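Inspection log for the structure reproduced underneath, given as structure tokens.
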Amino acid sequence: MRLKADVKLTDLIHRAKLCKEDVYYQTEEGDVLNLKSFLTQYLLQSIAYSDASLLAGGQIVCMNEEENTHFSEFVVED
């Protein structure tokens, strides 16, 4: 599930915190960051502040596929 360009990152992080299992943001370069990690949240906020378009194109990956529905408003289906 590819992340949209106009995502409100605080809402995305809040949604990830509600998930029972891990949720990852995977960059186009293949880096994998756990959205439940405070360090990742800080990193993504700083990137979004400088250039939000850098986050677009990355993917959201849920370990529990049933939790994919939590992110439908944030992603573009491939």
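Chain lettering (A, B, ...) mirrors the order of the structure tokens, residue numbering begins at 1 for each chain separately, and ligand numbering begins at 1 in order of display.
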Non-local contacts of A:Lys20 (10 Å; only C-alpha atoms; under 6 positions in same chain excluded) as a PyMOL selection string: chain A and resi 62-64+67
Name the residues in contact with stretch 32-47 of chain A at a cut-off of 12 Å, using only C-alpha atoms, excluding same-chain residues fewer than 4 positions from it; report them as a tab-separated table (two decimals) with C-alpha atoms, in the first residue's frame.
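Written file, selection.tsv:
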```
chain	number	residue	atom	x	y	z
A	7	VAL	CA	-1.02	12.44	4.37
A	8	LYS	CA	-1.38	14.06	7.77
A	9	LEU	CA	1.46	12.25	9.50
A	10	THR	CA	0.13	12.68	13.05
A	11	ASP	CA	-3.06	10.86	12.05
A	12	LEU	CA	-1.06	8.07	10.40
A	13	ILE	CA	1.08	7.59	13.52
A	14	HIS	CA	-1.98	7.63	15.77
A	15	ARG	CA	-3.58	4.93	13.61
A	16	ALA	CA	-0.40	2.81	13.81
A	17	LYS	CA	-0.44	3.04	17.61
A	18	LEU	CA	-3.95	1.56	17.63
A	19	CYS	CA	-2.79	-1.58	15.81
A	20	LYS	CA	-2.13	-4.73	17.84
A	21	GLU	CA	0.82	-5.83	15.71
A	22	ASP	CA	3.69	-3.91	14.16
A	23	VAL	CA	3.18	-1.52	11.27
A	24	TYR	CA	6.10	-0.54	9.07
A	25	TYR	CA	6.91	2.29	6.68
A	26	GLN	CA	9.08	0.99	3.86
A	27	THR	CA	10.98	3.58	1.82
A	28	GLU	CA	11.45	3.36	-1.92
A	51	ASP	CA	9.81	18.06	2.49
A	52	ALA	CA	6.62	16.01	2.86
A	53	SER	CA	6.93	14.75	-0.71
A	54	LEU	CA	9.84	12.55	0.43
A	55	LEU	CA	7.37	10.33	2.29
A	56	ALA	CA	5.06	9.85	-0.68
A	58	GLY	CA	6.83	4.74	0.54
A	59	GLN	CA	4.71	1.79	1.59
A	60	ILE	CA	2.74	0.92	4.71
A	61	VAL	CA	3.13	-2.74	5.67
A	62	CYS	CA	0.99	-4.27	8.44
A	63	MET	CA	2.06	-7.52	10.05
```
Expected answer as a count of residues only: alpha helix (DSSP H) residues in stretch 3-54 of chain A: 24
Could you pull out the strand (DSSP E) residues of chain A from DSSP and send them as a PyMOL selection string? chain A and resi 2-3+23-26+32-34+59-62+75-76
In Å and to one decimal, atom CA of A:Phe71 is distant from atom CA of A:Ser50 by 23.4 Å
